[in-house]
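Visitor: Have a look at this one.
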Amino acid sequence: MTDVDRSKKQEVLRRLRDNPYLTQQELADQLGMTRSAIAAYIAQLTKEGEILGRAYRFRENRRFLCIGGANIDRKIQSIGALTLGTSNPSTMTETHGGVARNVAENLARLGEPPILITAIGTDHDGEPLIHHLSSLGVHTHAIMRKETEHTGTYTAILDNQGDMVVACADMAIYDAITVEDLRTRESVMRQAGAIIIDTNLRQDLIAYLIDFAKASMISLTIVPVSVPKAKHIPYDLQGVDHLIANRDELYAIAYQHPAPEKDDESDHASLLAACQIIAQRGCQEVIITSGAKGVFAYDASTQTFSHLPAQQATIIDVTGAGDAFAAAYSYARFHGEKMLFAIRFATEMAAITLATQETVASRLTPELAREFLMNCRKTIHEERQP
């Protein structure tokens with residue numbers, strides 16, 4: 001192949017990266033070439049693994065897509081005993097939060113920088129969120145800016161012992177996201193190899209994304225953000241590959257009512273029943289995180305219910321551990337690991353977040369992820385030895 005041919009082939013690749021839905025004739029017209037020549041270059045690029053198929057999907061573009069909340073989280077803690085009805089000397093900490101945002105940052109730190117679709121205001125809170133994510137490699141070009149809304153905020157008031165007195169959440173911006181907002185981003189969404197969404201989104205948006213993922217044959221994971229917002233999940237779950245929830249969220253999704261009182265002898269049976277209801281509605285894998293009780297999992301394809309006991313962990317702050325688990329589980333499944341192996345890996349990665357006050361542990365790295373994957377494989381191999 002001559003230098004001229006190589007240059008033309010690279011130009012074809014560049015044009016297709018800019019617009020993966022160009023036809024061969026459109027490319028030929030743009031580049032002043034014949035359609036047969038374009039076809040030959042595309043065949044060569046496919047053979048080389050640069051293009052994965054129609055609509056032209058590129059090897060490096062099969063990345064994660066996270067859709068949902070990105071907030072400013074504030075904790076205000078009283079220095080002394082809290083007195084209502086007056087001013088109290090306090091300290092304040094401010095961090096970036098939101099389940100989709102947290103999952104996106106975890107994935108970026110694991111070496112899989114995703115695309116993030118969320119909504120922010122044109123206020124002083126929004127731009128720092130984007131700047132921080134961009135600095136980690138998260139692709140922020142599809143984020144919406146809503147001029148008439150404030151960036152989402154969550155503010156918790158704590159007493160001097162660290163116990164929450166009250167919390168206030170201003171999440172109205174997510175109600176301003178429309179189906180049309182998502183439709184205009186479908187070309188971005190089609191680049192995904194896996195989609196992870198949280199339930200800050202309205203039910204109609206989640207239903208649209210389920211249909212989109214199903215039609216596009218893209219793996220979809222749903223992560224609830226709370227019991228009330230778990231009810232945003234629609235009844236029809238055909239097209240949902242993974243649901244990652246805690247026990248209370250699981251019951252809200254399955255039954256639309258609170259979880260029953262815990263009874264160790266019957267809790268496994270009731271969890272299984274709830275998982276089966278969700279699986280009957282179309283979800284393929286149901287993962288239930290249960291703190292000190294470990295993780296429960298239901299695989300609809302084999303109708304098996306599994307329990308993995310909790311690993312020993314140093315607990316400093318539980319904030320963000322569930323998001324780290326969801327990101328790590330998705331990471332492992334995306335890389336071809338089986339469900340129970342992915343749970344082990346996710347549990348190990350979540351333990352790193354538990355042992356820090358950070359919402360997303362800054363010590364997470366691609367190298368650490370590979371090390372933990374190898375350790376998990378070694379542990380499983382040793383457990384199988386007679």
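Each chain in the structure tokens gets a letter, A, B and so on, in the order shown; residues start at 1 in every chain, and ligands are counted from 1 in the order they appear.
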Using only C-alpha atoms, determine which residues lie at most 10 Å from range 88-92 of chain A, disregarding the query and same-chain residues fewer than 5 positions distant; provide the list as a ChimeraX atom specification.
Guide: /A:74-83,155-160
Visitor: May I have the residues within 7 Å of range 324-332 of chain A as a list in words, using only C-alpha atoms and disregarding those fewer than 2 positions away in the same chain?
Guide: Val103, Asn106, Leu107, Ile244, Gly320, Ala321, Gly322, Phe334, His335, Gly336, Glu337, Ala342, Ile343, Phe345, Ala346, Thr347, Met349 and Ala350 of chain A
Visitor: Please write the residues from the selection above to a file, keeping N, CA and C atoms, as a PDB file, in the first residue's frame.
Guide:
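Now in out27.pdb:
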```pdb
ATOM      1  N   VAL A 103     -20.320   6.484  39.475  1.00  0.00           N
ATOM      2  CA  VAL A 103     -19.969   5.298  38.691  1.00  0.00           C
ATOM      3  C   VAL A 103     -19.017   5.683  37.569  1.00  0.00           C
ATOM      4  N   ASN A 106     -15.530   6.227  38.995  1.00  0.00           N
ATOM      5  CA  ASN A 106     -14.915   4.940  39.321  1.00  0.00           C
ATOM      6  C   ASN A 106     -14.402   4.249  38.064  1.00  0.00           C
ATOM      7  N   LEU A 107     -15.211   4.225  37.014  1.00  0.00           N
ATOM      8  CA  LEU A 107     -14.799   3.571  35.773  1.00  0.00           C
ATOM      9  C   LEU A 107     -13.577   4.260  35.168  1.00  0.00           C
ATOM     10  N   ILE A 244     -28.781  -3.735  40.007  1.00  0.00           N
ATOM     11  CA  ILE A 244     -27.953  -3.768  41.218  1.00  0.00           C
ATOM     12  C   ILE A 244     -28.631  -2.890  42.254  1.00  0.00           C
ATOM     13  N   GLY A 320     -20.646   6.062  48.878  1.00  0.00           N
ATOM     14  CA  GLY A 320     -20.020   5.758  47.594  1.00  0.00           C
ATOM     15  C   GLY A 320     -19.633   4.312  47.387  1.00  0.00           C
ATOM     16  N   ALA A 321     -19.736   3.472  48.443  1.00  0.00           N
ATOM     17  CA  ALA A 321     -19.318   2.074  48.299  1.00  0.00           C
ATOM     18  C   ALA A 321     -20.220   1.324  47.313  1.00  0.00           C
ATOM     19  N   GLY A 322     -21.520   1.596  47.370  1.00  0.00           N
ATOM     20  CA  GLY A 322     -22.437   0.939  46.443  1.00  0.00           C
ATOM     21  C   GLY A 322     -22.164   1.324  44.998  1.00  0.00           C
ATOM     22  N   PHE A 334     -18.199  -6.524  31.653  1.00  0.00           N
ATOM     23  CA  PHE A 334     -17.848  -5.966  30.346  1.00  0.00           C
ATOM     24  C   PHE A 334     -16.624  -6.672  29.780  1.00  0.00           C
ATOM     25  N   HIS A 335     -15.727  -7.086  30.666  1.00  0.00           N
ATOM     26  CA  HIS A 335     -14.508  -7.768  30.233  1.00  0.00           C
ATOM     27  C   HIS A 335     -14.659  -9.288  30.223  1.00  0.00           C
ATOM     28  N   GLY A 336     -15.908  -9.757  30.241  1.00  0.00           N
ATOM     29  CA  GLY A 336     -16.176 -11.169  30.004  1.00  0.00           C
ATOM     30  C   GLY A 336     -16.181 -12.071  31.218  1.00  0.00           C
ATOM     31  N   GLU A 337     -16.087 -11.503  32.424  1.00  0.00           N
ATOM     32  CA  GLU A 337     -16.093 -12.336  33.622  1.00  0.00           C
ATOM     33  C   GLU A 337     -17.517 -12.794  33.938  1.00  0.00           C
ATOM     34  N   ALA A 342     -17.555 -11.632  39.018  1.00  0.00           N
ATOM     35  CA  ALA A 342     -17.702 -10.175  38.994  1.00  0.00           C
ATOM     36  C   ALA A 342     -18.121  -9.648  40.359  1.00  0.00           C
ATOM     37  N   ILE A 343     -18.960 -10.401  41.074  1.00  0.00           N
ATOM     38  CA  ILE A 343     -19.382  -9.982  42.413  1.00  0.00           C
ATOM     39  C   ILE A 343     -18.192  -9.977  43.366  1.00  0.00           C
ATOM     40  N   PHE A 345     -15.048  -9.583  42.617  1.00  0.00           N
ATOM     41  CA  PHE A 345     -14.198  -8.459  42.242  1.00  0.00           C
ATOM     42  C   PHE A 345     -14.804  -7.141  42.717  1.00  0.00           C
ATOM     43  N   ALA A 346     -16.105  -6.972  42.510  1.00  0.00           N
ATOM     44  CA  ALA A 346     -16.777  -5.734  42.912  1.00  0.00           C
ATOM     45  C   ALA A 346     -16.731  -5.532  44.418  1.00  0.00           C
ATOM     46  N   THR A 347     -16.863  -6.614  45.164  1.00  0.00           N
ATOM     47  CA  THR A 347     -16.807  -6.529  46.621  1.00  0.00           C
ATOM     48  C   THR A 347     -15.432  -6.053  47.079  1.00  0.00           C
ATOM     49  N   MET A 349     -13.291  -4.253  45.319  1.00  0.00           N
ATOM     50  CA  MET A 349     -13.093  -2.863  44.938  1.00  0.00           C
ATOM     51  C   MET A 349     -13.906  -1.913  45.827  1.00  0.00           C
ATOM     52  N   ALA A 350     -15.115  -2.341  46.209  1.00  0.00           N
ATOM     53  CA  ALA A 350     -15.933  -1.510  47.092  1.00  0.00           C
ATOM     54  C   ALA A 350     -15.282  -1.357  48.459  1.00  0.00           C
TER      55      ALA A 350
END
```
Visitor: Which neighbours of range 124-129 of chain A fall inside 7 Å, counting only C-alpha atoms, when residues of the same chain fewer than 3 positions from it are skipped, and could you give them as a list in words?
Guide: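 In the requested format, the answer is His96, Ile120, Gly121, His132, Leu133 and Thr151 of chain A.
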Visitor: I need the residues from that last selection saved to file as a JSON list (two decimals), in the first residue's frame (with N, CA and C atoms), if you can.
Guide:
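Saved result, again_35.json, follows:
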```
[["chain", "number", "residue", "atom", "x", "y", "z"],
["A", 96, "HIS", "N", -18.38, 16.06, 45.08],
["A", 96, "HIS", "CA", -19.19, 15.76, 43.90],
["A", 96, "HIS", "C", -19.88, 14.42, 44.10],
["A", 120, "ILE", "N", -26.80, 19.65, 34.02],
["A", 120, "ILE", "CA", -26.32, 20.61, 35.02],
["A", 120, "ILE", "C", -26.92, 21.98, 34.69],
["A", 121, "GLY", "N", -26.90, 22.86, 35.69],
["A", 121, "GLY", "CA", -27.35, 24.23, 35.45],
["A", 121, "GLY", "C", -26.20, 25.07, 34.92],
["A", 132, "HIS", "N", -13.81, 18.62, 36.68],
["A", 132, "HIS", "CA", -13.20, 17.52, 37.43],
["A", 132, "HIS", "C", -13.31, 16.22, 36.66],
["A", 133, "LEU", "N", -14.48, 15.94, 36.10],
["A", 133, "LEU", "CA", -14.66, 14.71, 35.34],
["A", 133, "LEU", "C", -13.77, 14.69, 34.10],
["A", 151, "THR", "N", -28.02, 23.24, 39.17],
["A", 151, "THR", "CA", -27.32, 21.97, 39.28],
["A", 151, "THR", "C", -27.83, 21.24, 40.52]]
```
Visitor: Which of range 132-164 of chain A counts as strand (DSSP E or B) under DSSP, as a PyMOL selection string please?
Guide: chain A and resi 139+144-146+153-158+164
Visitor: Find the residue from A:Asp236, A:Asp5, A:Asp267, A:Glu26 that sits nearest to Gln44 in chain A; use only C-alpha atoms when measuring.
Guide: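 For Gln44 in chain A, the nearest of the candidates is A:Asp5.
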Visitor: Hey, what does DSSP flag as alpha helix (DSSP H) within range 189-291 of chain A? Can you give it to me as a ChimeraX atom specification?
Guide: /A:189,203-216,227-230,247-255,264-280
Visitor: Quick one: pull the distance between CA of Ala230 in chain A and CA of Gly69 in chain A, Å, one decimal.
Guide: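 Between these atoms lies a distance of 13.9 Å.
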Visitor: I'd like the contact shell of range 290-304 of chain A - 7 Å cut-off, only C-alpha atoms, skipping same-chain residues fewer than 6 positions apart - returned as JSON, numbers by chain.
Guide: {"A": [246, 247, 275, 279, 284, 310]}
Visitor: Between CA of Leu31 in chain A and CA of Gln191 in chain A, what is the distance, to one decimal in Å?
Guide: 24.1 Å
Visitor: Which residues of range 38-131 of chain A come within 9 Å of range 207-228 of chain A, and what is each one's closest atom pair and distance in Å (one decimal), counting only C-alpha atoms, sorted by chain and residue number, as CSV?
Guide:
```
residue,atom,partner,partner_atom,distance
A:Gly98,CA,A:Val225,CA,8.4
A:Val99,CA,A:Val225,CA,6.6
A:Ala100,CA,A:Val223,CA,8.5
```
Visitor: Report, in Å with one decimal, the straight-line distance from CA of Asp248 in chain A to CA of Gln311 in chain A.
Guide: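 One can read the CA of Asp248 in chain A to CA of Gln311 in chain A distance as 21.2 Å.
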Visitor: Which residues are close to Ala104 in chain A, i.e. within 9 Å by only C-alpha atoms, leaving aside same-chain residues fewer than 6 positions away? Reply as a short mmCIF file (atom, residue, chain, number, x, y, z; two decimals) with N, CA and C atoms, in the first residue's frame.
Guide:
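Resulting contents of around12.cif:
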```
data_model
loop_
_atom_site.label_atom_id
_atom_site.label_comp_id
_atom_site.auth_asym_id
_atom_site.auth_seq_id
_atom_site.Cartn_x
_atom_site.Cartn_y
_atom_site.Cartn_z
N PHE A 64 -18.09 2.53 28.08
CA PHE A 64 -19.26 2.64 28.95
C PHE A 64 -19.97 3.96 28.71
N LEU A 65 -21.27 3.93 28.95
CA LEU A 65 -22.09 5.14 28.93
C LEU A 65 -22.87 5.18 30.24
N CYS A 66 -22.70 6.24 31.01
CA CYS A 66 -23.42 6.43 32.27
C CYS A 66 -24.44 7.55 32.10
N GLU A 112 -11.32 2.84 32.34
CA GLU A 112 -12.40 2.75 31.34
C GLU A 112 -13.19 4.07 31.33
N PRO A 113 -12.57 5.17 30.91
CA PRO A 113 -13.29 6.45 30.96
C PRO A 113 -14.56 6.41 30.11
N PRO A 114 -15.71 6.62 30.73
CA PRO A 114 -16.98 6.50 30.00
C PRO A 114 -17.47 7.83 29.44
N ILE A 115 -18.54 7.74 28.70
CA ILE A 115 -19.31 8.93 28.34
C ILE A 115 -20.33 9.14 29.47
N LEU A 116 -20.54 10.38 29.86
CA LEU A 116 -21.55 10.69 30.87
C LEU A 116 -22.61 11.59 30.26
N LEU A 133 -14.48 15.94 36.10
CA LEU A 133 -14.66 14.71 35.34
C LEU A 133 -13.77 14.69 34.10
N VAL A 138 -13.20 11.41 31.68
CA VAL A 138 -14.61 11.14 31.38
C VAL A 138 -15.04 12.03 30.21
N ALA A 327 -19.83 -0.02 39.62
CA ALA A 327 -18.85 0.24 38.57
C ALA A 327 -17.94 -0.98 38.37
#
```
Visitor: Counting only C-alpha atoms, give me one row per residue of range 212-319 of chain A with an atom at most 12 Å from an atom of range 357-375 of chain A, showing the shortest contact pair and its distance in Å to one decimal, sorted by chain then residue number, as CSV.
Guide:
```
residue,atom,partner,partner_atom,distance
A:Thr314,CA,A:Gln357,CA,11.5
A:Ile315,CA,A:Gln357,CA,9.4
A:Ile316,CA,A:Gln357,CA,6.3
A:Asp317,CA,A:Gln357,CA,5.4
A:Val318,CA,A:Gln357,CA,8.2
A:Thr319,CA,A:Thr359,CA,5.6
```
